[in-house]
Structures are given as C-alpha cells and as structure tokens.
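So the structure is just underneath, and the comments pick up after that.
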Amino acid sequence: MFPDPTEINDGDAADKEDPAESRLSDVAAQEQSLDAEPLSDQEKEQETEETENTERQNNDSTETADGGTEDAAVDHDQSDSGEFVVTVLAKAKLEEQGIGVKGRSSPLLEAGTQECPAFISHRDEDVTGDSWRQHRKHVFVLSEAGKPIYSRYGSEEALSSTMGVMMALVSFVQSGDNIIRSVYSEQHIVVFLQKGPLVLVCVSSSRQSEEQLRGELLYVYYQIISMLTQASISRIFEHKKNYDLRRLLAGSEKILDGLLNLVDSDPSFLLAAIHCLPLASSLRDSLSHILQKAITPNLVFSILVAKNQLLTIVQEKTVIEDTRLEPTDVHLLLNLIGASSAFQAGEIWTPICLPLFNPDCYFYAYISYLDPPECTVCLLLLSTDKEAFYAVAECKRKIEEAMVAQNSLSLIAKAQSYSVSQVGVSDLRHFMYKPFDVPDTYRQLTQFTSPEMEAPYSSEEEKMRLLDLYRFMHSRIHSTSRPLKLIYHVAERETLLAWVTSKFELYTCFSPLVTKACAITAITKLLRWIKKEEDRLFIRYPPKYSTTPNPSKSSRGGKSDQQDSTDNGFLSLL
Amino acid sequence: MVPGGAQRRGDPPSRPVRTLRVKMVLLGSSAVGKSSLALRFSKDEFRSTSPTVGCAYLTRVVHLSDVTLRFEIWDTAGQERYHSVTPLYYRGAHAALLVYDISNRESFIRAQVWLKELEKQHIPGSTVVWLVGNKGDLAQDRRVSVQEGQVLATERGLSFTETSAMSGDQVVELLLAIELCDSAHRVYEGVGAQQEVLSEWRETPLVDLCRTHTFTPAASCCRVGP
Ligand SMILES: Nc1nc2c(ncn2[C@@H]2O[C@H](COP(=O)(O)OP(=O)(O)OP(=O)(O)O)[C@@H](O)[C@H]2O)c(=O)[nH]1
Ligand SMILES: [Mg+2]
C-alpha cells in the first residue's frame, strides 16, 4: 500500500518516524467521510506540505546531556534573566528542595514506575526526603504574595520557603515586564501559570510537553474556581494581599489530589473530551426522557452519572442557545463527586461554580445517589435558584419513580465499557477516538470513545506507560511549533498511529510487529466499526428542556439568584 | 411514597394520622461530628464520614401513636467557605443544634460566634436552639467542661446536652427532647400539602450586589486543555 518507509533511526529504538506520514496528513485534510474508506484513496496523493522527519523533540535528554547545562525558556528570549532563573532554580535553593533530582526517567521507557499508589495522602510527607523529590509531578499553588495555598505532596507549611523562591522568580521576571512560563533542566520541566492573584507551578519529570502541563495547571485553577468563584478570589486578594486562602480551601485538598490523580490516569483530561458510558441508544434515550420530564423552573442541567462516567445530560434550551457545556466543567463536576464520599450522605444541596460557563457565578447543585448503599448511579440537578431545593428534590423523586417503573437501575448496572476485541481487528490493542463531526443543530458536548485497557496494559504501570505514549503522540500532533496530522511511531513494545483530520482525532496502539499497511487497513475497519456503533458509544443528540416560563432574554436576565451573595460573606470573614 | 433516605419504623399505621414536619439544622465547626450525629439520627449508624459539601439533607420518619413525625435534617458543612451560605439552610428551622467537640476548645469558641450569627437571623421563639457538646466518649481528651457548656447555654437561654455520635450516647434522648420542645412551640406543619417551605425564607432578601447578567459564559480565558 505504501512505499517502504524510510525510517529515521538514530540508534534509539524508542522512536521512529516515517516520512510517508506527511503524505497521509495531506489527504487527511481532504475530508473523507467516515463511511468511505478514508485511507485507501490516499495512495494517490503525492503532494507533501511539509516533511516531518528530522525533528527529534522527544529525545531532549540526550541533547541537553552534551551541553551539560540546562535549557531555559523564558518568554521573549530574555536570555539574561533566563540564565538567572536557571541558576536560581536548578543550582540554588530549589535544588535543595528537590528540583534537579538524580536518576533519569524517560516517558517512553520507564514512566510511571515511580508513581506512588493513587489516593494515598501525601500531606504528611517529609519534604526533605528522597521519596518526596522523586514524585513524577509536583503541583504547587501559591498566592501572589508567595503564600502557599496547595501542594500535591507534602504540607504547604513545610514548603513555604520553596514557594517563596518560586514567587521570587515570578516577580523577578515580572519586574522586567515579562512572564515566566517555563524552565527546563536536565530531568525536569518547571511550568508556571499565573491566573489573577494565583500562581500555579508544576515541576514534572514526566516528559509531557509544556502545553500539556500548563493545561493541567489550568484544570487545577478551575477546580479552585469551582469552589470559590473567580470574583470572590479576586475580591479577597484585592482586600488583603497576604490572605491565607487555605482557610477557604480547607478540606478541599482531597478534591485537588483526586483531580491530579485523574489527570494522570484518565485521558479525558488530555483530550478535553467526555467519555460517556456505552449504552444501548434506546436505554440512553429513555433515561434522557425521564430527565426531560422531571423539571422545575430555573433548572438548567440534569446529569446522570454511573461509575463516574456520564450516562446522559439534559440541558435547558435557552442556556444552550447561548453557550454549551464545556467538557472541563463536566470533568470538574465528576471529580468533585468522585473525590468525596460526602455525597453518599443523603441529598446534597451546594453552591458550585462552573468556571467555563461563568467563572463568577454559583449554580446550586442537587446531588444524590439513586442506588444507596452501593452509590454508583448519581443524579446531578443544577439550578440557578438557591432556594429551589425542595422543588429540585421533587424532580429527583419523579426521576426515581420513573426509573423504578422502567427498571432502569438494573439495566444501567449491566452497562459496561467495551473490549477492543469487539472491534474485530487483530493487532489493535487500544485506541482513543474523538470525533469533531458535530451536527450543526446540536451544540454537542465534545466526547471521545475508548475501549477498556486490557492486557498487556492491565497493570497500573503499563497503563501509565501507554498513556504516556499517547501523551507524547498528542504533544507531537498539537505541537505549537510544528503541528502534525499523522504520526506513525514504532515504539519498543508497541506501534502507535495518531491521526487528526478536521472530522476526528484518533490515537491507536498496535502490537509491535504490525506493518504500516496492516495498521492502515485496521484503522479503516476501526472507523467503520465506530460509525456502526456510534449510537451506543456517544450521546448523540443531547436532549433539551425548557424550564423558563418565558424563554426570552429578559426572563434570563431576571435570574439574578445565580449571582452570588456569598462574596459579602467571604469578605465579612476577612 | 417513601421520602428519600427516610426510614420507616415498623409498619405504617393503618388509620390515617397527622404527619408533622420538624426541620432541624446542624451547625458548628468542621469535624465536630455534625454528619456523624445526623447519621445516628437518620439511620442509627456510625461510620467514617467525609467533610460535608454544602449541606446534606436527610430525613427520618418516626411513627408515634397518634402522630407521624418527619424529621428533616439539614446537616451543614462546617468548612469556612460555606459559612456565607449557611443562612440558606437554617432559616425557618424549628430546631437548631449548635454542635461543638468537647475535645476541641476552638470549636467551643466558634460555637459562640455561630450563636451570635444565629441570634441575628432567627426570629426569637421560632427556633429552639440546642447547644450540643459532641464526642462525649473522648473524656480523656476533654478541653471543655460540662459546666462551661451548661453555663453558656443557661446564659443564652439554650437547651444543653452532651452526646457521642460514636457510642450513640444521649442521641435518641436528644431527638426525643427536640420533639417535645417542638410540640410545645406548635411549629408543626402538615406535610401532605406540597408546601415549598423554603419559599417562606424570603423574609430576609439578600441584596444582590452582583451584576444581573446570567448565562453568559466568560468572554475570555475559557479554553482549557493541552
Ligand atoms: N470519638 C468520636 N469521634 C467522633 C464522634 N462524632 C464524630 N466523630 C469523628 O469526627 C470526625 C468528623 O466527623 P463529621 O461528622 O464528619 O464532622 P462534621 O461536623 O460533619 O464536619 P463537616 O462536615 O466538615 O462540617 C470523624 O472522623 C468522625 O468519625 C464522636 O462522638 N466521638
Ligand atoms: Mg459534615
């Protein structure tokens, strides 16, 4: 099918890239419909837009090794301050604190092996110990005044001097009218993100790209916003620069820890898309219908979740006219529910902010499990009216009754993720498929589908290794300097193919000996299979309801209850 | 229809009886044991809990000979970020339990701050306020004496008890006492009528200081993901 690939091989078997990919990438832009055989026509295509076969971005460990010094990347080429930054960060105080750890780790070979078991509290960890230094990814949140707010590992108090140094760095670069974005050292990358009065820092040896790490810091920021709102945070710090935000975040460390564990282990965050639970479309429709019927004024979202995956979501009509629910907001909601057993204690009524929907306002969320004591099926009803508890709780009763009548719970219990073997393509071990083909009339939630990770990716280490490979492929595809459309990557223990078109983004993992021709055929089959199964794999047409008596702009203007009066409250506590 | 989370005690009586609703709210610092008490009230259980998010609503139905009591328990979050929304939950309560931890002096001091807050909000006479020293089983770590609790309660005209959610000590007694106090105050309402009780709370409208635009997603900075 394809000419023999001329593989670039610099002796490191971990990475081979194929010049043929540029040809494919060109075709990919030609919009093949999913039904057609998207790849078979491409053989004819000869044009090449760019030849992507020489750049070797992923092996920077060797590159930096010969230089013997660290790379610094500060915006706008401020090489002098950059050098200073590196000296301070790598050689001075921070080195004592664990940045500049010995022992290399390559994401392609041994990633994940140092990862500590998930969901163990690291709060009490000794921050001077080696094990603290060896964490794959540290995340710190501090205030502009340099006050610690959150640290993924170790207590914030013990790290206050480290955070002080970080803030000194940020301010130093700032004083030169610049923004520090990242610092590269031999084994680590330090990424900074400043959002309003908060500074977020990630120190990673995971070999993820700077953009990916910054994206993860943004998730952390948004999770904080979801609890406090952006407006409150700004106002608090306007009032009192050195306010200790931990007062207001007390008890939420678990939520942030949980988020970071998910970010590491769940590709939803990488893809910025929702993974819904595969469900017969008739069952999903009937569930949606149940939600659609149980409404009350000012209800805006009804969300049904099982095993921490979305079953269905129904949205208020006028709301989705203006905007759509962003995957990030859903991720934050799911993490909140998953991270705490608090929701198992009865019916919860709590203010919550959806940062991408509106970072300054609270919704009032009714959260209740429908199957106590197992607590796997969870209902979320979001209202803009803080006094609507009884009305919204009544909606839950209706939903519960209808679900009993239709035996929905036992049907949901049978639902499960699928095995890649169902696709019927040998050599295909795993994939992630994110379609962009949104029907115009529906503001669809960005979703992706992916089978269960099975052998050889059943252990935590191997799962993480595959995810790291995907992250690597993703960073190449989305590279800001040189985005790619298609990558055929022969790794040591598997072969991966990533492909992005205007209709979808696809990551596939094959057994190592698959030929390129086989991989291409397999992808064609896979795309056909997905097309055939899409009603089951995706929430196809997010249903809507209308809960505003008069769904005009004016009626929405009247819903000022969504606006939060708690700002006063926070300020009064200062 | 069985209310969510409610537990029927024995068979429902055959003849129609009045159902009376008792709204009860639990207030106090984080980790004093409000959720643990609520769990004792509603299910007579003790298990490990997580810090409450916002507020948890639980119910317990108690059948007495001539009346059915439906306790609606509002278990609020003690964490500071929720303090400003707590009035949302305690307005209109028939009984408020102000809980502190006898092994944590700070929580007793916070309870007095809560009390001030509550006194500002509630219409005297409509809410019976209980001061509850919880974790009575931790006698060896006691930091607040029984007498201090009792004195504070007497000064402020509150009822007082010490409980242990862990052992269950004095929990049922407290529930029964609330019942009795409540009937004295005649604050029962029929529950059959579909009253939306929260609508009564509008007596203290909160000033809306914020802009009134809604449903407008933030214009910028709204992209996430790598
Ligand atoms: N020894 C003892 N421990 C208790 C008792 N009641 C609660 N606890 C423990 O105290 C801790 C906090 O209990 P919670 O019931 O979650 O506290 P809370 O007041 O609801 O906390 P927030 O929801 O954050 O406001 C838990 O570890 C409980 O097991 C008690 O009577 N005795
Ligand atoms: Mg609680």
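Each chain in the structure tokens gets a letter, A, B and so on, in the order shown; residues start at 1 in every chain, and ligands are counted from 1 in the order they appear.
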Residues within 10 Å of ligand 1, counting only C-alpha atoms and all ligand atoms, as a ChimeraX atom specification | /A:250-251,342 /B:26-40,46-56,75-80,82,99-103,133-139,141,162-169,171
Suppose we keep C-alpha atoms; can you now write the selection as a short mmCIF file (atom, residue, chain, number, x, y, z; two decimals), in the first residue's frame?
```cif
data_model
loop_
_atom_site.label_atom_id
_atom_site.label_comp_id
_atom_site.auth_asym_id
_atom_site.auth_seq_id
_atom_site.Cartn_x
_atom_site.Cartn_y
_atom_site.Cartn_z
CA ALA A 250 -9.73 23.76 53.99
CA GLY A 251 -10.81 20.22 53.33
CA ALA A 342 -19.76 13.17 51.25
CA LEU B 26 -26.97 21.10 62.50
CA LEU B 27 -24.43 23.89 62.80
CA GLY B 28 -20.87 24.17 64.05
CA SER B 29 -17.22 23.97 63.06
CA SER B 30 -15.86 21.37 60.72
CA ALA B 31 -15.16 17.93 62.16
CA VAL B 32 -17.15 18.35 65.38
CA GLY B 33 -19.35 15.44 64.31
CA LYS B 34 -22.45 17.00 62.75
CA SER B 35 -22.64 14.45 59.96
CA SER B 36 -22.00 11.66 62.41
CA LEU B 37 -24.87 12.86 64.57
CA ALA B 38 -27.08 13.20 61.51
CA LEU B 39 -26.27 9.64 60.56
CA ARG B 40 -27.19 8.50 64.06
CA PHE B 46 -21.76 5.37 62.92
CA ARG B 47 -19.27 5.15 60.11
CA SER B 48 -16.45 7.19 58.71
CA THR B 49 -17.51 10.44 57.09
CA SER B 50 -16.07 12.99 54.69
CA PRO B 51 -16.28 16.73 55.26
CA THR B 52 -19.72 17.78 54.10
CA VAL B 53 -20.03 19.68 50.84
CA GLY B 54 -22.59 22.45 51.10
CA CYS B 55 -25.35 20.78 53.02
CA ALA B 56 -26.70 17.25 53.29
CA ASP B 75 -26.53 18.82 58.05
CA THR B 76 -24.49 21.86 57.10
CA ALA B 77 -20.82 22.00 56.18
CA GLY B 78 -18.61 23.45 58.86
CA GLN B 79 -15.86 24.45 56.49
CA GLU B 80 -15.33 28.14 56.29
CA TYR B 82 -19.61 27.54 53.15
CA VAL B 99 -22.51 21.42 67.87
CA TYR B 100 -19.01 21.61 69.28
CA ASP B 101 -16.41 18.98 70.05
CA ILE B 102 -15.66 18.65 73.77
CA SER B 103 -12.07 17.72 72.93
CA GLY B 133 -21.12 19.05 73.13
CA ASN B 134 -20.31 16.05 70.96
CA LYS B 135 -17.64 13.35 71.25
CA GLY B 136 -18.54 12.76 74.88
CA ASP B 137 -16.71 9.46 74.60
CA LEU B 138 -13.38 11.32 74.43
CA ALA B 139 -13.44 12.12 78.14
CA ASP B 141 -9.13 14.48 75.90
CA GLU B 162 -23.53 16.27 75.66
CA THR B 163 -23.66 13.43 73.15
CA SER B 164 -21.49 10.87 71.48
CA ALA B 165 -22.28 10.09 67.88
CA MET B 166 -19.78 7.29 68.14
CA SER B 167 -21.35 5.41 71.03
CA GLY B 168 -24.84 6.73 70.42
CA ASP B 169 -24.97 8.03 73.96
CA VAL B 171 -28.54 10.81 70.81
#
```
Write down as a count of residues only the residues of segment 322-520 of chain A whose backbone DSSP state falls under alpha helix (DSSP H).
-> 61
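With distances restricted to only C-alpha atoms, B:Val17 is the closest residue to Val62 of chain B from B:Val128, B:Val17, B:Gln121, B:Ser107.
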Tell me, counting only C-alpha atoms and all ligand atoms, for each residue of chain A within 12 Å of ligand 2, which pair of atoms is nearest and how far apart they are in Å to one decimal, in rows ordered by chain and increasing number, as a tab-separated table.
```
residue	atom	partner	partner_atom_place_in_ligand_line	distance
A:Gly251	CA	ligand 2	1 (Mg)	11.1
A:Ser340	CA	ligand 2	1 (Mg)	11.7
A:Ser341	CA	ligand 2	1 (Mg)	10.9
A:Ala342	CA	ligand 2	1 (Mg)	7.7
A:Phe343	CA	ligand 2	1 (Mg)	10.5
A:Gln344	CA	ligand 2	1 (Mg)	11.5
A:Ala345	CA	ligand 2	1 (Mg)	9.0
A:Gly346	CA	ligand 2	1 (Mg)	11.2
A:Ile348	CA	ligand 2	1 (Mg)	11.1
```
Mind pulling up the distance from atom CA of Ile225 of chain A to atom CA of Gln194 of chain A?
-> 13.7 Å
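Take the candidates B:Leu97, B:Val144, B:Val113, B:Leu88 and check each one against chain A using only C-alpha atoms; the shortest distance goes to B:Leu88.
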Got a sec: who's within 12 Å of Leu466 of chain A, counting only C-alpha atoms, leaving out chain neighbours fewer than 2 positions off, as number ranges by chain?
-> A: 107-112, 264-267, 429-432, 453-464, 468-473, 491-496, 507-510
Pick from B:Asp66, B:Glu106, B:Glu117, B:Glu173 nearest to chain A, counting only C-alpha atoms = B:Glu117
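Among the candidates B:Ser159, B:Ser126, B:Ser42, B:Thr19, the one nearest to chain A when counting only C-alpha atoms is B:Ser42.
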